[in-house]
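Structure file data10.csv; described as CSV, C-alpha atoms.
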chain,number,residue,atom,x,y,z
A,1,MET,CA,13.6,42.3,14.6
A,2,SER,CA,10.5,40.7,13.3
A,3,ASP,CA,9.7,37.4,11.8
A,4,ARG,CA,6.1,36.6,12.0
A,5,ASP,CA,6.6,33.1,10.5
A,6,SER,CA,9.1,32.0,13.1
A,7,VAL,CA,8.5,29.5,15.8
A,8,VAL,CA,11.2,29.4,18.5
A,9,VAL,CA,11.6,27.1,21.4
A,10,ALA,CA,13.6,28.2,24.5
A,11,CYS,CA,14.3,25.8,27.4
A,12,VAL,CA,15.7,26.0,30.9
A,13,TYR,CA,16.5,23.0,33.0
A,14,CYS,CA,16.3,23.6,36.7
A,15,ASP,CA,18.6,21.7,39.0
A,16,PHE,CA,18.9,21.5,42.8
A,17,HIS,CA,22.7,21.5,42.4
A,18,ALA,CA,22.6,24.9,40.6
A,19,HIS,CA,20.6,26.7,43.2
A,20,LYS,CA,23.2,29.5,43.5
A,21,GLU,CA,23.0,30.5,39.9
A,22,LEU,CA,19.2,30.1,39.6
A,23,SER,CA,17.2,33.2,40.1
A,24,VAL,CA,14.2,34.7,38.3
A,25,THR,CA,16.6,37.1,36.5
A,26,SER,CA,19.1,34.4,35.5
A,27,LEU,CA,16.3,32.1,34.2
A,28,LEU,CA,14.6,34.8,32.1
A,29,ALA,CA,18.0,36.0,30.9
A,30,SER,CA,18.7,32.5,29.7
A,31,LEU,CA,15.5,32.5,27.8
A,32,LEU,CA,16.2,35.9,26.3
A,33,LYS,CA,19.6,34.7,25.2
A,34,GLN,CA,18.1,31.8,23.3
A,35,LEU,CA,15.5,34.0,21.6
A,36,VAL,CA,18.0,36.6,20.3
A,37,ALA,CA,20.7,34.0,19.4
A,38,GLY,CA,19.2,33.6,16.0
A,39,VAL,CA,18.9,37.3,15.3
A,40,GLU,CA,21.7,39.1,13.5
A,41,PRO,CA,22.4,41.9,14.1
A,42,ILE,CA,21.4,41.6,17.8
A,43,PRO,CA,18.5,43.9,18.8
A,44,GLY,CA,19.7,47.5,19.2
A,45,GLU,CA,18.5,47.9,22.7
A,46,ILE,CA,20.4,44.8,23.9
A,47,LYS,CA,23.6,46.0,22.2
A,48,LYS,CA,23.2,49.4,23.7
A,49,ALA,CA,22.8,48.0,27.2
A,50,PHE,CA,25.8,45.8,26.6
A,51,ASP,CA,27.9,48.8,25.5
A,52,SER,CA,26.8,50.9,28.4
A,53,GLY,CA,27.5,48.0,30.8
A,54,LYS,CA,31.0,47.6,29.5
A,55,SER,CA,31.8,51.2,30.2
A,56,GLU,CA,30.9,50.8,33.9
A,57,MET,CA,33.4,49.4,36.4
A,58,ASP,CA,31.4,46.4,37.3
A,59,GLY,CA,30.0,45.8,33.8
A,60,ARG,CA,26.4,46.2,34.9
A,61,ALA,CA,24.1,43.3,34.0
A,62,LEU,CA,20.5,43.7,32.9
A,63,GLN,CA,18.0,44.0,35.6
A,64,LEU,CA,14.8,41.9,35.8
A,65,PRO,CA,12.3,44.6,34.4
A,66,GLU,CA,14.7,45.2,31.5
A,67,ILE,CA,15.0,41.5,30.7
A,68,CYS,CA,11.3,41.0,31.0
A,69,ALA,CA,10.5,43.9,28.6
A,70,MET,CA,13.1,42.7,26.0
A,71,LEU,CA,11.8,39.1,26.3
A,72,ILE,CA,8.2,40.3,25.7
A,73,LYS,CA,9.3,42.3,22.7
A,74,SER,CA,11.3,39.4,21.3
A,75,LEU,CA,8.4,37.0,21.8
A,76,LEU,CA,5.9,39.3,20.2
A,77,SER,CA,8.0,39.4,17.0
A,78,LEU,CA,7.4,35.6,16.5
A,79,ARG,CA,4.4,33.7,15.3
A,80,ARG,CA,4.8,31.3,18.2
A,81,GLY,CA,7.2,31.1,21.1
A,82,PHE,CA,7.4,28.0,23.3
A,83,ILE,CA,9.0,28.4,26.7
A,84,CYS,CA,9.9,25.1,28.4
A,85,ILE,CA,11.0,24.9,32.0
A,86,ASP,CA,12.0,21.5,33.2
A,87,ALA,CA,11.8,20.4,36.9
A,88,LEU,CA,10.3,23.7,38.2
A,89,ASP,CA,10.2,22.1,41.6
A,90,GLU,CA,14.0,22.3,41.6
A,91,PHE,CA,14.0,26.0,41.1
A,92,PRO,CA,14.5,27.7,44.6
A,93,ALA,CA,11.1,27.7,46.4
A,94,LYS,CA,11.7,31.2,47.8
A,95,HIS,CA,12.0,32.7,44.3
A,96,ARG,CA,9.2,30.7,42.7
A,97,PRO,CA,6.4,33.2,43.5
A,98,ASP,CA,8.3,35.9,41.7
A,99,LEU,CA,9.0,33.6,38.8
A,100,TRP,CA,5.3,32.8,38.5
A,101,LYS,CA,4.5,36.5,38.5
A,102,SER,CA,7.0,37.1,35.7
A,103,LEU,CA,5.6,34.2,33.7
A,104,GLN,CA,2.1,35.5,34.2
A,105,HIS,CA,3.2,38.9,33.0
A,106,ILE,CA,4.7,37.3,29.9
A,107,ILE,CA,1.7,35.3,28.9
A,108,ASP,CA,-0.6,38.2,29.6
A,109,GLU,CA,1.4,40.3,27.2
A,110,CYS,CA,2.2,37.6,24.6
A,111,PRO,CA,-0.9,35.6,23.6
A,112,ASN,CA,1.3,33.8,21.1
A,113,VAL,CA,3.4,32.2,23.8
A,114,ARG,CA,2.9,28.7,25.2
A,115,LEU,CA,4.5,27.4,28.4
A,116,PHE,CA,5.5,23.8,28.9
A,117,ILE,CA,6.5,23.1,32.5
A,118,THR,CA,7.4,19.8,34.2
A,119,GLY,CA,7.7,19.2,37.9
A,120,ARG,CA,6.4,17.3,40.8
A,121,PRO,CA,2.7,17.4,41.6
A,122,LEU,CA,3.0,20.3,44.1
A,123,ILE,CA,3.8,22.6,41.2
A,124,ARG,CA,0.4,22.0,39.8
A,125,GLU,CA,-1.2,23.7,42.8
A,126,GLU,CA,1.2,26.6,42.5
A,127,ALA,CA,0.3,27.0,38.8
A,128,LYS,CA,-3.4,27.1,39.7
A,129,LYS,CA,-2.7,29.7,42.4
A,130,TYR,CA,-0.4,32.0,40.4
A,131,LEU,CA,-2.0,31.7,37.0
A,132,PRO,CA,-5.7,32.4,37.8
A,133,GLY,CA,-8.2,33.5,35.2
A,134,TYR,CA,-7.8,30.5,32.9
A,135,PRO,CA,-10.0,27.5,32.6
A,136,ASN,CA,-8.8,24.1,33.7
A,137,LEU,CA,-5.1,23.7,33.8
A,138,PRO,CA,-4.2,21.0,31.2
A,139,SER,CA,-1.9,18.5,32.9
A,140,VAL,CA,-0.5,15.2,31.8
A,141,GLN,CA,1.4,12.4,33.5
A,142,PRO,CA,4.1,10.2,31.9
A,143,THR,CA,3.0,6.6,31.3
A,144,LYS,CA,4.7,3.5,32.6
A,145,GLU,CA,5.3,2.5,29.0
A,146,ASP,CA,8.0,5.3,28.9
A,147,ILE,CA,9.9,3.7,31.7
A,148,GLU,CA,9.5,0.2,30.3
A,149,GLU,CA,10.8,1.3,26.9
A,150,TYR,CA,13.8,3.0,28.6
A,151,LEU,CA,14.6,-0.1,30.7
A,152,ALA,CA,14.3,-2.4,27.7
A,153,MET,CA,16.8,-0.2,25.9
A,154,ARG,CA,19.2,-0.2,28.9
A,155,LEU,CA,18.9,-4.0,29.3
A,156,LYS,CA,19.6,-4.5,25.7
A,157,LYS,CA,22.8,-2.6,26.1
A,158,ASP,CA,23.8,-4.4,29.3
A,159,PRO,CA,27.3,-5.9,28.7
A,160,ASP,CA,26.6,-8.6,31.2
A,161,PRO,CA,22.9,-9.5,31.0
A,162,TYR,CA,23.4,-12.9,32.7
A,163,ALA,CA,24.5,-11.2,35.9
A,164,MET,CA,20.9,-10.3,36.6
A,165,ASP,CA,19.0,-12.4,39.1
A,166,ARG,CA,16.1,-13.6,36.9
A,167,GLU,CA,13.9,-14.2,39.9
A,168,SER,CA,14.1,-10.5,40.8
A,169,GLY,CA,12.9,-7.7,38.7
A,170,PHE,CA,11.4,-4.3,38.3
A,171,ARG,CA,7.7,-3.8,39.0
A,172,MET,CA,5.6,-0.7,38.7
A,173,VAL,CA,4.1,0.1,42.0
A,174,GLY,CA,1.7,3.1,42.2
A,175,GLY,CA,3.3,4.7,39.2
A,176,ARG,CA,6.9,4.3,40.5
A,177,LEU,CA,9.5,1.7,39.6
A,178,ASP,CA,10.4,-0.7,42.4
A,179,TRP,CA,12.9,-3.5,42.6
A,180,THR,CA,11.4,-6.7,43.9
A,181,SER,CA,13.5,-9.7,44.9
B,1,MET,CA,13.4,13.6,18.5
B,2,GLY,CA,13.1,12.0,15.1
B,3,SER,CA,15.7,11.7,12.5
B,4,ALA,CA,14.7,14.9,10.8
B,5,ALA,CA,14.9,16.8,14.0
B,6,SER,CA,18.4,15.5,14.8
B,7,ARG,CA,19.8,17.0,11.6
B,8,ILE,CA,21.7,20.1,12.6
B,9,PRO,CA,22.2,22.3,9.5
B,10,THR,CA,24.7,25.1,9.7
B,11,LEU,CA,23.3,28.5,8.7
B,12,SER,CA,24.9,31.8,8.3
B,13,ILE,CA,22.3,34.4,9.2
B,14,ASN,CA,24.2,37.3,7.7
B,15,ARG,CA,27.4,37.0,5.8
B,16,ASN,CA,28.5,40.5,6.7
B,17,ILE,CA,29.0,39.7,10.4
B,18,GLY,CA,32.7,40.3,10.5
B,19,ASN,CA,35.1,37.9,12.3
B,20,VAL,CA,33.5,34.6,13.1
B,21,THR,CA,35.5,32.4,15.5
B,22,GLU,CA,32.8,30.4,17.0
B,23,SER,CA,29.4,29.2,16.0
B,24,TYR,CA,26.4,29.3,18.3
B,25,LYS,CA,24.8,25.9,18.3
B,26,ASN,CA,21.1,26.6,18.8
B,27,VAL,CA,20.3,22.9,19.4
B,28,TRP,CA,16.7,23.1,20.4
B,29,ASN,CA,15.9,25.0,17.3
B,30,ASP,CA,18.0,22.5,15.4
B,31,CYS,CA,20.2,24.9,13.6
B,32,GLU,CA,23.7,26.0,14.1
B,33,ILE,CA,24.1,29.7,13.8
B,34,LEU,CA,27.3,31.6,13.0
B,35,VAL,CA,27.6,34.7,15.0
B,36,SER,CA,30.1,37.5,15.1
B,37,ASP,CA,32.6,37.7,18.0
B,38,GLU,CA,30.7,40.7,19.3
B,39,THR,CA,27.3,38.9,19.3
B,40,ARG,CA,28.9,36.0,21.1
B,41,GLN,CA,30.2,38.3,23.7
B,42,ILE,CA,26.7,39.9,24.1
B,43,LEU,CA,25.1,36.5,24.4
B,44,GLU,CA,27.5,35.5,27.1
B,45,TRP,CA,27.0,38.7,28.9
B,46,LEU,CA,23.2,38.2,28.7
B,47,SER,CA,23.5,34.9,30.4
B,48,PRO,CA,26.4,32.7,31.3
B,49,MET,CA,24.0,29.8,31.7
B,50,ALA,CA,24.5,27.0,29.1
B,51,PRO,CA,21.3,25.0,29.1
B,52,ARG,CA,22.0,23.9,25.5
B,53,GLU,CA,24.7,21.5,26.7
B,54,ARG,CA,22.2,19.9,29.0
B,55,HIS,CA,19.6,19.9,26.2
B,56,GLN,CA,22.1,18.2,24.0
B,57,ALA,CA,22.7,15.5,26.6
B,58,VAL,CA,19.0,15.0,27.1
B,59,HIS,CA,18.5,14.9,23.3
B,60,GLU,CA,21.2,12.2,22.9
B,61,GLY,CA,20.0,10.1,25.9
B,62,ARG,CA,16.4,10.1,24.7
B,63,VAL,CA,15.0,6.7,23.8
B,64,ASP,CA,13.1,6.8,20.5
B,65,GLY,CA,9.4,6.7,21.1
B,66,VAL,CA,9.5,7.8,24.8
B,67,GLY,CA,6.9,10.5,25.4
B,68,GLU,CA,5.2,10.1,22.0
B,69,TRP,CA,1.9,9.6,23.8
B,70,LEU,CA,2.0,13.3,24.8
B,71,LEU,CA,1.7,14.4,21.1
B,72,ARG,CA,-1.5,12.4,20.7
B,73,THR,CA,-3.3,13.8,23.7
B,74,GLU,CA,-6.2,16.2,23.4
B,75,GLU,CA,-4.6,18.5,26.0
B,76,PHE,CA,-1.4,18.8,23.9
B,77,ASP,CA,-3.3,19.3,20.6
B,78,LYS,CA,-5.4,22.1,22.0
B,79,TRP,CA,-2.4,23.8,23.8
B,80,HIS,CA,-0.1,23.4,20.8
B,81,THR,CA,-2.3,24.5,17.9
B,82,SER,CA,-5.1,26.6,19.2
B,83,GLU,CA,-5.0,30.3,18.6
B,84,ASP,CA,-8.0,30.7,21.0
B,85,GLN,CA,-7.0,33.1,23.8
B,86,ALA,CA,-9.2,31.2,26.2
B,87,VAL,CA,-7.0,28.2,25.9
B,88,HIS,CA,-4.7,27.8,28.9
B,89,PRO,CA,-1.2,28.8,27.8
B,90,LEU,CA,0.4,26.4,30.2
B,91,LEU,CA,0.7,22.7,29.7
B,92,PHE,CA,1.9,21.0,32.8
B,93,CYS,CA,3.5,17.6,33.0
B,94,TYR,CA,3.7,16.2,36.5
B,95,GLY,CA,5.2,13.1,38.1
B,96,ASP,CA,7.7,11.9,40.6
B,97,PRO,CA,11.4,12.0,39.9
B,98,GLY,CA,12.6,9.4,37.3
B,99,VAL,CA,9.3,8.9,35.4
B,100,GLY,CA,10.6,10.6,32.2
B,101,LYS,CA,9.3,14.1,32.3
B,102,THR,CA,12.6,15.6,31.1
B,103,TYR,CA,12.5,13.5,28.0
B,104,LEU,CA,9.2,14.7,26.7
B,105,ARG,CA,9.2,17.0,23.7
B,106,CYS,CA,6.6,19.7,23.3
B,107,VAL,CA,6.8,20.4,19.6
B,108,LYS,CA,5.6,18.1,16.9
B,109,VAL,CA,8.2,18.9,14.3
B,110,ALA,CA,11.6,20.5,14.5
B,111,PRO,CA,10.9,24.3,14.9
B,112,PHE,CA,13.7,24.8,12.4
B,113,LYS,CA,11.2,23.8,9.7
B,114,TYR,CA,9.2,26.9,10.5
B,115,TRP,CA,12.2,29.2,10.5
B,116,LYS,CA,12.0,31.8,7.7
B,117,LEU,CA,15.4,33.3,7.7
B,118,VAL,CA,14.7,36.6,6.1
B,119,LYS,CA,18.1,37.9,6.8
B,120,LEU,CA,19.9,35.0,5.1
B,121,THR,CA,22.0,36.6,2.3

As structure tokens:
Amino acid sequence: MSDRDSVVVACVYCDFHAHKELSVTSLLASLLKQLVAGVEPIPGEIKKAFDSGKSEMDGRALQLPEICAMLIKSLLSLRRGFICIDALDEFPAKHRPDLWKSLQHIIDECPNVRLFITGRPLIREEAKKYLPGYPNLPSVQPTKEDIEEYLAMRLKKDPDPYAMDRESGFRMVGGRLDWTS
Amino acid sequence: MGSAASRIPTLSINRNIGNVTESYKNVWNDCEILVSDETRQILEWLSPMAPRERHQAVHEGRVDGVGEWLLRTEEFDKWHTSEDQAVHPLLFCYGDPGVGKTYLRCVKVAPFKYWKLVKLT
């Protein structure tokens, strides 16, 4: 499997409500699944692991080191791989150090990979701690215009716009949206 | 994403893939890929998680123009295009819940445009 002109994006959305199914292994397996979904036939080592898992009573799933190795191999076959993780703060805190270690391993091995992570500000400190050795961590913050555009769209679609108290309204306070009456 | 990106072409990666009962909709790479039953089973075995459904919901709920500012920042430009190994491989977007982080996009054009499907027969 090699396509040096390919650019592939793989995304994972973290959610507090899905804590039970979120682990380092499940997150990286989800990324691997997305990367190999466009490859036919599926890489031989993955097929082999699947066949051998099938022959066992419990249908053994891939373990973290295997997933990591296959992920790195898949990413290195691309020109560029983008890994997006949304709401990392909603990934279980007890597993986050291990996730950061795996991500560091991946970016160390794959210079063609870019990570895009969103989360609450505390994740920024974690990123600095767990991904040392790089200059300033580039970080950005959404603008209030995004919220205004979204609200304008929702209000436009409001089936009963006159129900709103015109004396009240939304105000941006310290980067957050507050309802004032 | 823009109109070009919302187009979801259907591609057959390899015509000799045997029985095809289901397509694999690879929505974030903006293409729909037909896969064999066996490949589908392997993909499900690899991960039962289905983030593509969530991605599709985010994609459909995204207001045009939201997050476009990101693509014009110097941080994004460096991170996205630079081949320089000294560039930080992580771009972090932070903010409190509800400010729109989930609706940002981190690629300028649909990655599909870059796909060179060498196995297309």

Ranking A:Lys33, A:Phe50, A:Pro138, A:Lys156 by minimum distance to Glu38 (chain B) and counting only C-alpha atoms, which one comes first? A:Phe50

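CA of Val87 (chain B) to CA of Ile106 (chain A) spans 15.4 Å [interatomic distance, one decimal].
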
When you draw a straight line from CA of Phe82 (chain A) to CA of Asp37 (chain B), how long is it in Å? 27.5 Å

At most 6 Å to chain B: residues in chain A, only C-alpha atoms, as number ranges by chain: A: 6-7, 12, 29-30, 33, 114-121, 134, 138-141, 146

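Minimum distance to Leu78 (chain A) across A:Pro97, A:Pro111, A:Gly133, A:Gly53 (counting all atoms listed in the file) occurs at A:Pro111.
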
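Atom pair CA of Glu66 (chain A) / CA of Ala37 (chain A) has a distance of 17.5 Å (rounded to one decimal).
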
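Closest approach to Ala69 (chain A) among A:Val39, A:Ile83, A:Cys110, A:Lys54 is made by A:Cys110 (distances from all atoms listed in the file).
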
Name the residues in contact with Trp100 (chain A) at a cut-off of 8 Å, using all atoms listed in the file, excluding same-chain residues fewer than 6 positions from it; report them as a PyMOL selection string. chain A and resi 127+130-131

Contact residues around Lys20 (chain A) with all atoms listed in the file at 9 Å, ignoring same-chain residues under 3 positions, as a count of residues only: 3

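Residue nearest Ser102 (chain A) within the list A:Thr25, A:Val9, A:Glu126, A:Leu155: A:Thr25 [criterion: smallest interatomic distance, all atoms listed in the file].
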
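Comparing A:Leu64, A:Pro132, A:Phe91, A:Asn112 by their smallest distance to Glu21 (chain A), the closest is A:Phe91 (using only C-alpha atoms).
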
Provide region 119-136 of chain A rebuilt to N, CA and C atoms, formatted as a PDB file, in the coordinates of the input.
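Listed below is the output, selection17.pdb:
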ATOM      1  N   GLY A 119       7.316  19.099  36.453  1.00  0.00           N
ATOM      2  CA  GLY A 119       7.700  19.200  37.900  1.00  0.00           C
ATOM      3  C   GLY A 119       6.871  18.177  38.685  1.00  0.00           C
ATOM      4  N   ARG A 120       7.165  18.160  39.962  1.00  0.00           N
ATOM      5  CA  ARG A 120       6.400  17.300  40.800  1.00  0.00           C
ATOM      6  C   ARG A 120       5.002  17.821  41.038  1.00  0.00           C
ATOM      7  N   PRO A 121       4.086  16.971  41.522  1.00  0.00           N
ATOM      8  CA  PRO A 121       2.700  17.400  41.600  1.00  0.00           C
ATOM      9  C   PRO A 121       2.429  18.713  42.343  1.00  0.00           C
ATOM     10  N   LEU A 122       3.274  19.059  43.314  1.00  0.00           N
ATOM     11  CA  LEU A 122       3.000  20.300  44.100  1.00  0.00           C
ATOM     12  C   LEU A 122       3.011  21.530  43.194  1.00  0.00           C
ATOM     13  N   ILE A 123       3.748  21.464  42.086  1.00  0.00           N
ATOM     14  CA  ILE A 123       3.800  22.600  41.200  1.00  0.00           C
ATOM     15  C   ILE A 123       2.470  22.895  40.521  1.00  0.00           C
ATOM     16  N   ARG A 124       1.685  21.830  40.396  1.00  0.00           N
ATOM     17  CA  ARG A 124       0.400  22.000  39.800  1.00  0.00           C
ATOM     18  C   ARG A 124      -0.494  22.951  40.624  1.00  0.00           C
ATOM     19  N   GLU A 125      -0.413  22.807  41.934  1.00  0.00           N
ATOM     20  CA  GLU A 125      -1.200  23.700  42.800  1.00  0.00           C
ATOM     21  C   GLU A 125      -0.676  25.117  42.718  1.00  0.00           C
ATOM     22  N   GLU A 126       0.622  25.255  42.604  1.00  0.00           N
ATOM     23  CA  GLU A 126       1.200  26.600  42.500  1.00  0.00           C
ATOM     24  C   GLU A 126       0.709  27.237  41.152  1.00  0.00           C
ATOM     25  N   ALA A 127       0.690  26.431  40.099  1.00  0.00           N
ATOM     26  CA  ALA A 127       0.300  27.000  38.800  1.00  0.00           C
ATOM     27  C   ALA A 127      -1.157  27.480  38.864  1.00  0.00           C
ATOM     28  N   LYS A 128      -2.010  26.725  39.547  1.00  0.00           N
ATOM     29  CA  LYS A 128      -3.400  27.100  39.700  1.00  0.00           C
ATOM     30  C   LYS A 128      -3.511  28.437  40.483  1.00  0.00           C
ATOM     31  N   LYS A 129      -2.657  28.523  41.490  1.00  0.00           N
ATOM     32  CA  LYS A 129      -2.700  29.700  42.400  1.00  0.00           C
ATOM     33  C   LYS A 129      -2.159  30.951  41.666  1.00  0.00           C
ATOM     34  N   TYR A 130      -1.066  30.771  40.955  1.00  0.00           N
ATOM     35  CA  TYR A 130      -0.400  32.000  40.400  1.00  0.00           C
ATOM     36  C   TYR A 130      -0.859  32.309  38.972  1.00  0.00           C
ATOM     37  N   LEU A 131      -1.537  31.387  38.303  1.00  0.00           N
ATOM     38  CA  LEU A 131      -2.000  31.700  37.000  1.00  0.00           C
ATOM     39  C   LEU A 131      -3.567  31.590  36.988  1.00  0.00           C
ATOM     40  N   PRO A 132      -4.225  32.463  37.739  1.00  0.00           N
ATOM     41  CA  PRO A 132      -5.700  32.400  37.800  1.00  0.00           C
ATOM     42  C   PRO A 132      -6.272  32.969  36.504  1.00  0.00           C
ATOM     43  N   GLY A 133      -7.546  32.810  36.362  1.00  0.00           N
ATOM     44  CA  GLY A 133      -8.200  33.500  35.200  1.00  0.00           C
ATOM     45  C   GLY A 133      -8.232  32.610  33.970  1.00  0.00           C
ATOM     46  N   TYR A 134      -7.669  31.408  34.052  1.00  0.00           N
ATOM     47  CA  TYR A 134      -7.800  30.500  32.900  1.00  0.00           C
ATOM     48  C   TYR A 134      -8.595  29.308  33.290  1.00  0.00           C
ATOM     49  N   PRO A 135      -9.265  28.711  32.291  1.00  0.00           N
ATOM     50  CA  PRO A 135     -10.000  27.500  32.600  1.00  0.00           C
ATOM     51  C   PRO A 135      -9.067  26.366  32.939  1.00  0.00           C
ATOM     52  N   ASN A 136      -9.595  25.230  33.283  1.00  0.00           N
ATOM     53  CA  ASN A 136      -8.800  24.100  33.700  1.00  0.00           C
ATOM     54  C   ASN A 136      -7.398  23.989  33.204  1.00  0.00           C
TER      55      ASN A 136
END
